[in-house]
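Peer 1: This is the structure I have questions about; it appears just below.
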Amino acid sequence: MLIRAQEIVRYVEDAVFDAGLTGKDWIVQPGADVVEVVDLVYAKQIRQPFRWVVAVPESSDIKTIQDLEGKRIANEVVHITEMYLKEHRINTRVEFSWGATEAKAPDLVDAIVDGTETGGSLRANKLRVLDTIMYSTNKLIVNKKAGRIPGNATR
């Protein structure tokens with residue numbers, strides 16, 4: 001069945017599907033408890049991992065991650081972003097974005113966290129990358145029950 005990568009993890013974790021293909025990001029985001037069988041390093045346009053990055057408008061006074069203290073950040077991966085900010089001891093207002101996140105800075109938010117392969121959309125929207133939050137590759141995953149099948153290499 002062809003469904004969004006974000007949803008595959010839930011159906012595999014709940015044993016609706018035995019297996020599925022999704023990104024590492026969509027395993028980490030909900031904290032899914034699945035078995036990662038193999039790492040498939042490919043993307044739509046290039047043979048490099050997909051990246052989630054923190055970006056700000058080119059004209060922004062924000063120069064480092066620490067400059068995000070007290071700012072507002074829009075993104076589609078709230079949990080991943082909050083983990084990153086906690087690790088760096090930065091307090092911000094993190095809000096979920098339903099897409100078109102690049103268009104929200106600088107008028108609605110100070111920074112964004114967005115997924116990118118090549119950075120083309122960020123450059124087109126006059127945004128510059130401050131840091132990479134995580135790299136994500138495609139994964140073949142199975143649910144815990146399927147991962148315990150006798151003779152299965154994922155035990």
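Chains: A, B, ... in order of the structure tokens. Residues: from 1 per chain. Ligands: from 1, in order shown.
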Identify all residues of chain A in strand (DSSP E or B) (DSSP on the backbone) and supply them as a ChimeraX atom specification.
Peer 2: /A:19-23,35-40,50-57,72-75,93-96,111-116,127-136,138-142
Peer 1: Between atom CA of Val56 of chain A and atom CA of Trp26 of chain A, what distance in Å does the model show, to one decimal?
Peer 2: 23.5 Å
Peer 1: From the options A:Thr22, A:Glu117, A:Asn143, A:Asn91, which residue's atoms come nearest to Gln48 of chain A, counting only C-alpha atoms?
Peer 2: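 For Gln48 of chain A, the nearest of the candidates is A:Glu117.
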Peer 1: So, counting only C-alpha atoms, which residue among A:Leu140, A:Val28, A:Val109, A:Ala124 is closest to Val41 of chain A?
Peer 2: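 When distances to Val41 of chain A are compared using only C-alpha atoms, the smallest one comes from A:Leu140.
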